[in-house]
Amino acid sequence: MDFEQLKAFYTLAQTKNFTKAAESLHLVQSTITMRIKQLEERVGKPLFIRDKRSVEITQAGLALLPYAERILKLAHEGLSEVAALQPYEDRFTIGSLDSIWTFMLEPILKEYHLRYPKIAIGTKTGHSSDVIGYLLDHIIQLGIVYIPPSLPNFEVIPFYEDEIVLVGSPSHPVTQKQVVDVSELAQLPLLYVNWGPPFHEWIHQSLPPSYVPKLQLDKPQLAIDFVKEGLGVSLVTRSTVKAELADGTLRQITISGSTPPKRSVYIVLPPEKKHRSSVEKWLNLMREFGYPV
């Protein structure tokens with residue numbers, strides 16, 4: 001399948017206009033028309049429905065679109081990989097989740113950047129499934145995730161267990177109690193963060209079936225900020241509130257009866273990448289920061 005045809009197809013799918021697609025690719029409109037026609041002949045189905053006013057993608061086009069996007073993205077990453085080798089000795093790209101970057105990896109990344117000026121560094125952020133996808137597509141060399149993949153050809157290294165704790169501001173009435181039973185969680189002003197399995201299963205066993213959180217947040221930092229303001233209490237990982245617990249901005253509230261399961265963090269990488277110099281340097285630096293990898 002011709003790369004330039006795919007590029008014309010993807011651009012037209014985004015713009016839905018032959019003129020705009022041609023302008024975007026710095027081509028004449030007839031070239032875009034020809035490339036789309038050749039691609040349609042190749043796949044044996046129309047990819048777009050055209051009339052004088054609009055261009056609409058067909059079901060066949062929608063089926064092809066994610067693959068075209070993936071191919072173009074891989075080509076871009078491959079060119080970036082090669083380009084980064086000049087003037088650098090190597091290029092290292094690592095993927096992880098926003099919460100892991102913010103509360104665990106940021107100081108390691110900063111030190112890596114300062115210590116190894118001859119290595120070009122890139123980061124990718126997404127959910128655990130996104131990070132595994134980046135590994136499969138060779139966009140990153142190493143991923144750090146909460147949910148390990150059940151796929152062959154990857155080495156999975158458990159390196160950290162993060163405790164989930166209930167926290168509140170020092171002045172909040174719930175914090176004053178110091179201890180709450182797990183059966184009381186449903187009555188608390190809980191700012192809910194879903195930490196995924198197995199936390200998801202534990203919280204559903206601990207709360208009534210009809211329970212609906214008043215405020216559900218997908219960013220831990222939002223929950224922490226609101227807890228500091230006294231809006232409620234929240235179940236968060238200890239790593240996210242390490243500084244606040246140390247300086248007394250937040251306090252831990254003990255849960256009796258049943259404690260939340262720990263949140264495991266994993267390094268995932270292809271075995272052949274483990275001994276690449278840039279990867280070894282990252283793993284050694286994690287050990288310096290106290291992580292047993």
# chains A, B, ... in the order shown; residues from 1 in each chain; ligands from 1
$ residues_around --residues "Pro208 (chain A)" --least-positions-apart "3" --cutoff "12 Å" --atoms "only C-alpha atoms" --output "PyMOL selection string"
chain A and resi 182-187+202-205+211-213
$ write_last_selection --atoms "N, CA and C atoms" --output "PDB file, in the first residue's frame"
ATOM      1  N   VAL A 182     -14.760   0.570  57.822  1.00  0.00           N
ATOM      2  CA  VAL A 182     -15.007   0.472  56.382  1.00  0.00           C
ATOM      3  C   VAL A 182     -16.492   0.614  56.057  1.00  0.00           C
ATOM      4  N   SER A 183     -17.361   0.203  56.987  1.00  0.00           N
ATOM      5  CA  SER A 183     -18.812   0.300  56.769  1.00  0.00           C
ATOM      6  C   SER A 183     -19.293   1.748  56.766  1.00  0.00           C
ATOM      7  N   GLU A 184     -18.476   2.685  57.257  1.00  0.00           N
ATOM      8  CA  GLU A 184     -18.861   4.100  57.314  1.00  0.00           C
ATOM      9  C   GLU A 184     -18.504   4.871  56.047  1.00  0.00           C
ATOM     10  N   LEU A 185     -17.787   4.248  55.113  1.00  0.00           N
ATOM     11  CA  LEU A 185     -17.304   4.974  53.937  1.00  0.00           C
ATOM     12  C   LEU A 185     -18.436   5.625  53.150  1.00  0.00           C
ATOM     13  N   ALA A 186     -19.564   4.927  53.044  1.00  0.00           N
ATOM     14  CA  ALA A 186     -20.682   5.446  52.254  1.00  0.00           C
ATOM     15  C   ALA A 186     -21.271   6.717  52.858  1.00  0.00           C
ATOM     16  N   GLN A 187     -21.084   6.941  54.150  1.00  0.00           N
ATOM     17  CA  GLN A 187     -21.618   8.135  54.806  1.00  0.00           C
ATOM     18  C   GLN A 187     -20.632   9.300  54.781  1.00  0.00           C
ATOM     19  N   TRP A 202     -12.631  -3.974  45.637  1.00  0.00           N
ATOM     20  CA  TRP A 202     -12.684  -3.752  47.088  1.00  0.00           C
ATOM     21  C   TRP A 202     -13.707  -2.673  47.455  1.00  0.00           C
ATOM     22  N   ILE A 203     -13.701  -1.558  46.733  1.00  0.00           N
ATOM     23  CA  ILE A 203     -14.596  -0.460  47.076  1.00  0.00           C
ATOM     24  C   ILE A 203     -16.051  -0.849  46.837  1.00  0.00           C
ATOM     25  N   HIS A 204     -16.318  -1.660  45.800  1.00  0.00           N
ATOM     26  CA  HIS A 204     -17.695  -2.079  45.531  1.00  0.00           C
ATOM     27  C   HIS A 204     -18.191  -3.074  46.567  1.00  0.00           C
ATOM     28  N   GLN A 205     -17.283  -3.845  47.133  1.00  0.00           N
ATOM     29  CA  GLN A 205     -17.663  -4.735  48.227  1.00  0.00           C
ATOM     30  C   GLN A 205     -17.893  -3.955  49.516  1.00  0.00           C
ATOM     31  N   TYR A 211     -24.754   2.800  45.852  1.00  0.00           N
ATOM     32  CA  TYR A 211     -23.924   3.980  46.118  1.00  0.00           C
ATOM     33  C   TYR A 211     -23.465   4.644  44.824  1.00  0.00           C
ATOM     34  N   VAL A 212     -23.633   5.968  44.773  1.00  0.00           N
ATOM     35  CA  VAL A 212     -23.124   6.769  43.653  1.00  0.00           C
ATOM     36  C   VAL A 212     -22.311   7.913  44.246  1.00  0.00           C
ATOM     37  N   PRO A 213     -21.040   8.060  43.881  1.00  0.00           N
ATOM     38  CA  PRO A 213     -20.220   9.140  44.451  1.00  0.00           C
ATOM     39  C   PRO A 213     -20.785  10.509  44.088  1.00  0.00           C
TER      40      PRO A 213
END
$ closest_atom_pairs --of "region 31-77 of chain A" --to "region 134-149 of chain A" --cutoff "10 Å" --atoms "only C-alpha atoms" --output "Markdown table"
| residue | atom | partner | partner_atom | distance |
| --- | --- | --- | --- | --- |
| A:Arg70 | CA | A:Asp137 | CA | 8.4 |
| A:Ile71 | CA | A:Asp137 | CA | 9.5 |
| A:Lys73 | CA | A:Ile139 | CA | 8.9 |
| A:Leu74 | CA | A:Asp137 | CA | 7.0 |
| A:His76 | CA | A:Ile139 | CA | 9.7 |
| A:Glu77 | CA | A:Ile139 | CA | 6.3 |
$ write_last_selection --atoms "N, CA and C atoms" --output "PDB file, in the first residue's frame"
ATOM      1  N   ARG A  70      -2.157   4.769  12.326  1.00  0.00           N
ATOM      2  CA  ARG A  70      -1.079   4.046  13.016  1.00  0.00           C
ATOM      3  C   ARG A  70       0.176   3.972  12.156  1.00  0.00           C
ATOM      4  N   ILE A  71       0.018   3.688  10.865  1.00  0.00           N
ATOM      5  CA  ILE A  71       1.163   3.603   9.952  1.00  0.00           C
ATOM      6  C   ILE A  71       1.870   4.955   9.858  1.00  0.00           C
ATOM      7  N   LYS A  73       1.794   7.385  12.030  1.00  0.00           N
ATOM      8  CA  LYS A  73       2.411   7.702  13.319  1.00  0.00           C
ATOM      9  C   LYS A  73       3.726   6.949  13.487  1.00  0.00           C
ATOM     10  N   LEU A  74       3.731   5.667  13.112  1.00  0.00           N
ATOM     11  CA  LEU A  74       4.954   4.864  13.213  1.00  0.00           C
ATOM     12  C   LEU A  74       6.054   5.430  12.317  1.00  0.00           C
ATOM     13  N   HIS A  76       6.400   8.551  11.410  1.00  0.00           N
ATOM     14  CA  HIS A  76       6.879   9.780  12.051  1.00  0.00           C
ATOM     15  C   HIS A  76       7.827   9.457  13.197  1.00  0.00           C
ATOM     16  N   GLU A  77       7.446   8.470  14.031  1.00  0.00           N
ATOM     17  CA  GLU A  77       8.295   8.093  15.155  1.00  0.00           C
ATOM     18  C   GLU A  77       9.623   7.518  14.673  1.00  0.00           C
TER      19      GLU A  77
END
$ residues_around --residues "Tyr266 (chain A)" --least-positions-apart "4" --cutoff "12 Å" --atoms "only C-alpha atoms" --output "ChimeraX atom specification"
/A:95-97,100,128,131-132,142-149,154-162,291-293
$ select_by_dssp --residues "region 126-274 of chain A" --states "alpha helix (DSSP H)" --output "PDB file with N, CA and C atoms, in the first residue's frame"
ATOM      1  N   SER A 128      -2.783   2.679  31.127  1.00  0.00           N
ATOM      2  CA  SER A 128      -1.918   1.510  31.002  1.00  0.00           C
ATOM      3  C   SER A 128      -2.048   0.863  29.626  1.00  0.00           C
ATOM      4  N   SER A 129      -3.278   0.764  29.104  1.00  0.00           N
ATOM      5  CA  SER A 129      -3.492   0.149  27.790  1.00  0.00           C
ATOM      6  C   SER A 129      -2.826   0.967  26.679  1.00  0.00           C
ATOM      7  N   ASP A 130      -2.827   2.309  26.812  1.00  0.00           N
ATOM      8  CA  ASP A 130      -2.162   3.162  25.826  1.00  0.00           C
ATOM      9  C   ASP A 130      -0.657   2.906  25.821  1.00  0.00           C
ATOM     10  N   VAL A 131      -0.096   2.803  27.029  1.00  0.00           N
ATOM     11  CA  VAL A 131       1.350   2.601  27.154  1.00  0.00           C
ATOM     12  C   VAL A 131       1.758   1.266  26.532  1.00  0.00           C
ATOM     13  N   ILE A 132       0.959   0.220  26.761  1.00  0.00           N
ATOM     14  CA  ILE A 132       1.254  -1.080  26.151  1.00  0.00           C
ATOM     15  C   ILE A 132       1.172  -0.974  24.629  1.00  0.00           C
ATOM     16  N   GLY A 133       0.204  -0.201  24.129  1.00  0.00           N
ATOM     17  CA  GLY A 133       0.104   0.021  22.691  1.00  0.00           C
ATOM     18  C   GLY A 133       1.345   0.709  22.138  1.00  0.00           C
ATOM     19  N   TYR A 134       1.889   1.689  22.881  1.00  0.00           N
ATOM     20  CA  TYR A 134       3.118   2.357  22.454  1.00  0.00           C
ATOM     21  C   TYR A 134       4.279   1.371  22.393  1.00  0.00           C
ATOM     22  N   LEU A 135       4.322   0.433  23.345  1.00  0.00           N
ATOM     23  CA  LEU A 135       5.370  -0.591  23.327  1.00  0.00           C
ATOM     24  C   LEU A 135       5.223  -1.500  22.113  1.00  0.00           C
ATOM     25  N   LEU A 136       3.992  -1.927  21.847  1.00  0.00           N
ATOM     26  CA  LEU A 136       3.744  -2.814  20.708  1.00  0.00           C
ATOM     27  C   LEU A 136       4.111  -2.144  19.392  1.00  0.00           C
ATOM     28  N   PRO A 173     -13.890  17.370  60.141  1.00  0.00           N
ATOM     29  CA  PRO A 173     -14.469  16.551  61.216  1.00  0.00           C
ATOM     30  C   PRO A 173     -14.130  15.058  61.095  1.00  0.00           C
ATOM     31  N   VAL A 174     -14.076  14.528  59.892  1.00  0.00           N
ATOM     32  CA  VAL A 174     -13.747  13.109  59.732  1.00  0.00           C
ATOM     33  C   VAL A 174     -12.321  12.843  60.185  1.00  0.00           C
ATOM     34  N   THR A 175     -11.419  13.753  59.872  1.00  0.00           N
ATOM     35  CA  THR A 175     -10.022  13.604  60.270  1.00  0.00           C
ATOM     36  C   THR A 175      -9.894  13.613  61.783  1.00  0.00           C
ATOM     37  N   GLN A 176     -10.732  14.404  62.440  1.00  0.00           N
ATOM     38  CA  GLN A 176     -10.683  14.478  63.900  1.00  0.00           C
ATOM     39  C   GLN A 176     -10.983  13.122  64.536  1.00  0.00           C
ATOM     40  N   LYS A 177     -11.784  12.293  63.855  1.00  0.00           N
ATOM     41  CA  LYS A 177     -12.119  10.966  64.396  1.00  0.00           C
ATOM     42  C   LYS A 177     -10.906  10.035  64.398  1.00  0.00           C
ATOM     43  N   PHE A 199      -8.567  -2.381  43.467  1.00  0.00           N
ATOM     44  CA  PHE A 199      -9.248  -1.386  44.301  1.00  0.00           C
ATOM     45  C   PHE A 199     -10.722  -1.306  43.947  1.00  0.00           C
ATOM     46  N   HIS A 200     -11.019  -1.353  42.644  1.00  0.00           N
ATOM     47  CA  HIS A 200     -12.400  -1.245  42.172  1.00  0.00           C
ATOM     48  C   HIS A 200     -13.278  -2.317  42.812  1.00  0.00           C
ATOM     49  N   GLU A 201     -12.762  -3.543  42.868  1.00  0.00           N
ATOM     50  CA  GLU A 201     -13.531  -4.642  43.473  1.00  0.00           C
ATOM     51  C   GLU A 201     -13.696  -4.427  44.981  1.00  0.00           C
ATOM     52  N   TRP A 202     -12.631  -3.974  45.637  1.00  0.00           N
ATOM     53  CA  TRP A 202     -12.684  -3.752  47.088  1.00  0.00           C
ATOM     54  C   TRP A 202     -13.707  -2.673  47.455  1.00  0.00           C
ATOM     55  N   ILE A 203     -13.701  -1.558  46.733  1.00  0.00           N
ATOM     56  CA  ILE A 203     -14.596  -0.460  47.076  1.00  0.00           C
ATOM     57  C   ILE A 203     -16.051  -0.849  46.837  1.00  0.00           C
ATOM     58  N   HIS A 204     -16.318  -1.660  45.800  1.00  0.00           N
ATOM     59  CA  HIS A 204     -17.695  -2.079  45.531  1.00  0.00           C
ATOM     60  C   HIS A 204     -18.191  -3.074  46.567  1.00  0.00           C
ATOM     61  N   GLN A 205     -17.283  -3.845  47.133  1.00  0.00           N
ATOM     62  CA  GLN A 205     -17.663  -4.735  48.227  1.00  0.00           C
ATOM     63  C   GLN A 205     -17.893  -3.955  49.516  1.00  0.00           C
ATOM     64  N   SER A 206     -17.224  -2.824  49.654  1.00  0.00           N
ATOM     65  CA  SER A 206     -17.292  -2.039  50.895  1.00  0.00           C
ATOM     66  C   SER A 206     -18.453  -1.052  50.909  1.00  0.00           C
ATOM     67  N   PRO A 220      -5.970  12.442  40.293  1.00  0.00           N
ATOM     68  CA  PRO A 220      -5.695  12.450  41.731  1.00  0.00           C
ATOM     69  C   PRO A 220      -5.385  13.842  42.273  1.00  0.00           C
ATOM     70  N   GLN A 221      -4.695  14.668  41.481  1.00  0.00           N
ATOM     71  CA  GLN A 221      -4.329  15.989  41.981  1.00  0.00           C
ATOM     72  C   GLN A 221      -5.556  16.845  42.278  1.00  0.00           C
ATOM     73  N   LEU A 222      -6.622  16.675  41.491  1.00  0.00           N
ATOM     74  CA  LEU A 222      -7.860  17.398  41.777  1.00  0.00           C
ATOM     75  C   LEU A 222      -8.416  16.991  43.137  1.00  0.00           C
ATOM     76  N   ALA A 223      -8.425  15.679  43.405  1.00  0.00           N
ATOM     77  CA  ALA A 223      -8.921  15.189  44.693  1.00  0.00           C
ATOM     78  C   ALA A 223      -8.089  15.749  45.839  1.00  0.00           C
ATOM     79  N   ILE A 224      -6.781  15.753  45.665  1.00  0.00           N
ATOM     80  CA  ILE A 224      -5.894  16.260  46.721  1.00  0.00           C
ATOM     81  C   ILE A 224      -6.145  17.744  46.971  1.00  0.00           C
ATOM     82  N   ASP A 225      -6.272  18.508  45.896  1.00  0.00           N
ATOM     83  CA  ASP A 225      -6.523  19.955  46.049  1.00  0.00           C
ATOM     84  C   ASP A 225      -7.842  20.205  46.781  1.00  0.00           C
ATOM     85  N   PHE A 226      -8.885  19.454  46.429  1.00  0.00           N
ATOM     86  CA  PHE A 226     -10.193  19.647  47.062  1.00  0.00           C
ATOM     87  C   PHE A 226     -10.172  19.204  48.526  1.00  0.00           C
ATOM     88  N   VAL A 227      -9.430  18.134  48.826  1.00  0.00           N
ATOM     89  CA  VAL A 227      -9.310  17.692  50.216  1.00  0.00           C
ATOM     90  C   VAL A 227      -8.607  18.771  51.042  1.00  0.00           C
ATOM     91  N   LYS A 228      -7.578  19.360  50.496  1.00  0.00           N
ATOM     92  CA  LYS A 228      -6.868  20.437  51.203  1.00  0.00           C
ATOM     93  C   LYS A 228      -7.804  21.601  51.519  1.00  0.00           C
ATOM     94  N   LYS A 242       2.622  12.023  49.669  1.00  0.00           N
ATOM     95  CA  LYS A 242       3.800  11.850  50.526  1.00  0.00           C
ATOM     96  C   LYS A 242       4.249  13.174  51.146  1.00  0.00           C
ATOM     97  N   ALA A 243       4.334  14.223  50.324  1.00  0.00           N
ATOM     98  CA  ALA A 243       4.796  15.523  50.828  1.00  0.00           C
ATOM     99  C   ALA A 243       3.789  16.125  51.799  1.00  0.00           C
ATOM    100  N   GLU A 244       2.500  16.021  51.474  1.00  0.00           N
ATOM    101  CA  GLU A 244       1.458  16.616  52.334  1.00  0.00           C
ATOM    102  C   GLU A 244       1.365  15.909  53.686  1.00  0.00           C
ATOM    103  N   LEU A 245       1.536  14.587  53.695  1.00  0.00           N
ATOM    104  CA  LEU A 245       1.524  13.861  54.968  1.00  0.00           C
ATOM    105  C   LEU A 245       2.745  14.216  55.804  1.00  0.00           C
ATOM    106  N   ALA A 246       3.866  14.463  55.140  1.00  0.00           N
ATOM    107  CA  ALA A 246       5.096  14.807  55.861  1.00  0.00           C
ATOM    108  C   ALA A 246       5.021  16.200  56.482  1.00  0.00           C
ATOM    109  N   ASP A 247       4.430  17.167  55.742  1.00  0.00           N
ATOM    110  CA  ASP A 247       4.389  18.532  56.300  1.00  0.00           C
ATOM    111  C   ASP A 247       3.111  18.828  57.081  1.00  0.00           C
TER     112      ASP A 247
END
$ residues_around --residues "Asp90 (chain A)" --least-positions-apart "2" --cutoff "7 Å" --atoms "only C-alpha atoms" --output "PDB file with N, CA and C atoms, in the first residue's frame"
ATOM      1  N   LEU A  85      19.441  10.816  16.535  1.00  0.00           N
ATOM      2  CA  LEU A  85      20.806  10.318  16.680  1.00  0.00           C
ATOM      3  C   LEU A  85      21.847  11.351  16.245  1.00  0.00           C
ATOM      4  N   TYR A  88      22.883  13.429  18.947  1.00  0.00           N
ATOM      5  CA  TYR A  88      22.886  12.626  20.173  1.00  0.00           C
ATOM      6  C   TYR A  88      23.435  11.220  19.919  1.00  0.00           C
ATOM      7  N   PHE A  92      15.899   7.861  23.887  1.00  0.00           N
ATOM      8  CA  PHE A  92      15.183   7.030  24.853  1.00  0.00           C
ATOM      9  C   PHE A  92      13.802   7.626  25.080  1.00  0.00           C
ATOM     10  N   ILE A 119      21.886  11.913  25.395  1.00  0.00           N
ATOM     11  CA  ILE A 119      20.729  11.063  25.103  1.00  0.00           C
ATOM     12  C   ILE A 119      19.495  11.951  24.943  1.00  0.00           C
ATOM     13  N   ALA A 120      18.854  11.852  23.787  1.00  0.00           N
ATOM     14  CA  ALA A 120      17.599  12.572  23.557  1.00  0.00           C
ATOM     15  C   ALA A 120      16.469  11.796  24.218  1.00  0.00           C
ATOM     16  N   SER A 278      20.869   3.270  26.990  1.00  0.00           N
ATOM     17  CA  SER A 278      19.974   4.309  27.515  1.00  0.00           C
ATOM     18  C   SER A 278      18.966   3.722  28.502  1.00  0.00           C
TER      19      SER A 278
END
